[in-house]
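As structure tokens, the structure follows; a few thoughts come after it.
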Amino acid sequence: MSETEGAHPDPDCIFCKIIAGELPGEILAEDDHTVSFMDINPANPGHALVIPRAHSKDLLDISDADLAACTLAARRLARRMGETIAPDGFNVLNCCGAAAWQTVFHFHLHVVPRNQDDPLELPWIPRPGDPGEIKATADTIRGEG
Ligand code: 5GP
Ligand code: ZN
């Protein structure tokens, strides 16, 4: 059995309902494992979402196969947008967990077309970190703390 077989739609999940055709969605592309559609609150023109057909709640939950399929679908979509609406670049973004801005708990990649003069801003202010803190955190993540 593959990693995604056995995953059932979540009856309360709006993205599962879009996949099932129970809620409207401006579908852009589909394959055996993924569906891509327009975001209803676009950050920029063309803002789209790529989701796995099988319900998984977030980056930590999704199967390797579905994550790979979503990533490849996001790149296909970006290439398609490059040929059609021709933005200057893209952000591909995932929010994992409510603390990280996730609001819909069916894994999704945002594909956000970007233009040189668009109004989007980095959500953090880049400034040098404390090298000791960076190393200490790295040690903890590596299990060396
Ligand atoms: P998150 O905040 O979880 O990373 O992103 C969820 C995204 O889903 C948001 O950008 C939001 O605009 C979009 N969204 C929420 N509800 C719907 C819906 O019913 N249809 C579509 N197409 N997008 C939705
Ligand atoms: Zn779902």
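Within each chain, counting starts at residue 1; across the structure tokens, chains are named A, B, ... in the order shown, with ligands numbered 1 upward in that order.
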
Discussion item. Give me, as a list of chain:residue names, all polymer residues having an atom no more than 12 Å from region 119-125 of chain A, counting only C-alpha atoms and skipping those fewer than 2 positions away in the same chain.
Written reply: A:Pro42, A:Ala43, A:Asn44, A:Pro45, A:Phe90, A:Asn91, A:Ala100, A:Trp101, A:Val112, A:Pro113, A:Arg114, A:Asn115, A:Gln116, A:Asp117, A:Arg127, A:Pro128, A:Gly129

Discussion item. What's around Leu72 (chain A) at 12 Å? Count only C-alpha atoms, leave out sequence neighbours fewer than 2 positions away in its own chain, and write the answer as number ranges by chain.
Written reply: A: 30-31, 33-36, 50-52, 65-70, 74-79, 92, 109, 111

Worksheet item: Which protein, DNA or RNA residues have an atom within 10 Å of ligand 2, counting only C-alpha atoms and all ligand atoms, as a PyMOL selection string?
Response: chain A and resi 7-20+51-57+104-108

Next, the residues of the selection above should be written as a short mmCIF file (atom, residue, chain, number, x, y, z; two decimals), in the first residue's frame with N, CA, C and O atoms.
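As a result, out29.cif now contains:
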```
data_model
loop_
_atom_site.label_atom_id
_atom_site.label_comp_id
_atom_site.auth_asym_id
_atom_site.auth_seq_id
_atom_site.Cartn_x
_atom_site.Cartn_y
_atom_site.Cartn_z
N ALA A 7 -5.88 7.35 3.14
CA ALA A 7 -6.19 8.68 3.66
C ALA A 7 -7.60 9.04 3.21
O ALA A 7 -7.93 8.94 2.04
N HIS A 8 -8.44 9.43 4.14
CA HIS A 8 -9.84 9.73 3.82
C HIS A 8 -10.08 11.22 3.90
O HIS A 8 -9.47 11.92 4.71
N PRO A 9 -11.00 11.76 3.09
CA PRO A 9 -11.31 13.17 3.21
C PRO A 9 -11.81 13.50 4.61
O PRO A 9 -12.46 12.69 5.25
N ASP A 10 -11.48 14.71 5.05
CA ASP A 10 -11.97 15.19 6.34
C ASP A 10 -13.28 15.93 6.07
O ASP A 10 -13.30 16.89 5.31
N PRO A 11 -14.40 15.49 6.66
CA PRO A 11 -15.70 16.09 6.32
C PRO A 11 -15.80 17.57 6.67
O PRO A 11 -16.65 18.28 6.15
N ASP A 12 -14.92 18.06 7.55
CA ASP A 12 -14.97 19.47 7.95
C ASP A 12 -13.93 20.33 7.22
O ASP A 12 -13.80 21.52 7.53
N CYS A 13 -13.19 19.73 6.30
CA CYS A 13 -12.06 20.44 5.69
C CYS A 13 -12.50 21.13 4.39
O CYS A 13 -12.98 20.47 3.46
N ILE A 14 -12.31 22.46 4.33
CA ILE A 14 -12.76 23.18 3.13
C ILE A 14 -11.97 22.78 1.89
O ILE A 14 -12.52 22.76 0.79
N PHE A 15 -10.70 22.43 2.06
CA PHE A 15 -9.93 22.04 0.87
C PHE A 15 -10.35 20.65 0.38
O PHE A 15 -10.39 20.43 -0.83
N CYS A 16 -10.67 19.75 1.30
CA CYS A 16 -11.23 18.45 0.86
C CYS A 16 -12.53 18.68 0.09
O CYS A 16 -12.82 17.98 -0.89
N LYS A 17 -13.31 19.68 0.53
CA LYS A 17 -14.58 19.96 -0.16
C LYS A 17 -14.33 20.56 -1.54
O LYS A 17 -15.09 20.28 -2.48
N ILE A 18 -13.30 21.36 -1.68
CA ILE A 18 -12.97 21.89 -3.02
C ILE A 18 -12.55 20.74 -3.93
O ILE A 18 -12.99 20.63 -5.08
N ILE A 19 -11.73 19.81 -3.41
CA ILE A 19 -11.32 18.64 -4.20
C ILE A 19 -12.54 17.83 -4.64
O ILE A 19 -12.63 17.38 -5.78
N ALA A 20 -13.50 17.68 -3.71
CA ALA A 20 -14.69 16.86 -4.00
C ALA A 20 -15.70 17.60 -4.86
O ALA A 20 -16.72 17.02 -5.26
N ILE A 51 -2.36 21.64 -3.30
CA ILE A 51 -2.69 20.75 -2.17
C ILE A 51 -2.65 19.29 -2.61
O ILE A 51 -2.86 18.97 -3.78
N PRO A 52 -2.38 18.40 -1.66
CA PRO A 52 -2.50 16.97 -1.96
C PRO A 52 -3.97 16.56 -1.95
O PRO A 52 -4.76 17.11 -1.19
N ARG A 53 -4.33 15.61 -2.82
CA ARG A 53 -5.71 15.09 -2.79
C ARG A 53 -6.01 14.42 -1.45
O ARG A 53 -7.11 14.52 -0.93
N ALA A 54 -5.03 13.71 -0.92
CA ALA A 54 -5.22 13.02 0.37
C ALA A 54 -5.07 14.04 1.49
O ALA A 54 -4.10 14.81 1.53
N HIS A 55 -6.03 14.05 2.40
CA HIS A 55 -5.97 15.01 3.51
C HIS A 55 -4.78 14.71 4.41
O HIS A 55 -4.62 13.61 4.90
N SER A 56 -3.94 15.75 4.61
CA SER A 56 -2.94 15.70 5.67
C SER A 56 -2.88 17.11 6.22
O SER A 56 -3.09 18.07 5.48
N LYS A 57 -2.63 17.23 7.53
CA LYS A 57 -2.90 18.56 8.09
C LYS A 57 -1.77 19.55 7.88
O LYS A 57 -2.03 20.75 7.75
N VAL A 104 -5.69 27.06 7.43
CA VAL A 104 -6.42 25.92 6.89
C VAL A 104 -5.55 24.68 7.10
O VAL A 104 -4.41 24.63 6.60
N PHE A 105 -6.09 23.71 7.81
CA PHE A 105 -5.26 22.59 8.25
C PHE A 105 -5.40 21.39 7.31
O PHE A 105 -5.70 20.27 7.71
N HIS A 106 -5.19 21.68 6.03
CA HIS A 106 -4.96 20.70 4.97
C HIS A 106 -3.72 21.23 4.27
O HIS A 106 -3.75 22.36 3.74
N PHE A 107 -2.65 20.46 4.29
CA PHE A 107 -1.36 20.95 3.78
C PHE A 107 -1.54 21.71 2.46
O PHE A 107 -2.27 21.28 1.58
N HIS A 108 -0.83 22.81 2.32
CA HIS A 108 -0.84 23.54 1.05
C HIS A 108 0.45 24.32 0.88
O HIS A 108 1.04 24.78 1.85
#
```

Discussion item. Write out as a ChimeraX atom specification the set of residues from chain A that DSSP, computed on the backbone, places in helix (DSSP H, G or I).
Written reply: /A:14-20,64-84,98-100,131-142

Discussion item. Please report the interatomic distance between CA of Glu26 (chain A) and atom 22 (N, counted along the ligand's line) of ligand 1 in Å with one decimal.
Written reply: 6.8 Å

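Minimum atom-to-atom distance to Leu60 (chain A), evaluated using only C-alpha atoms, belongs to A:Asn94 out of A:Thr103, A:Gly143, A:Asn94, A:Leu23.
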
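Counting only C-alpha atoms, the residue from A:Asp130, A:Asp118, A:His47, A:Thr71 that sits nearest to Ile85 (chain A) is A:His47.
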
Worksheet entry | Point-to-point distance in Å for atom 22 (N, counted along the ligand's line) of ligand 1 and CA of Ala48 (chain A) | 7.9 Å
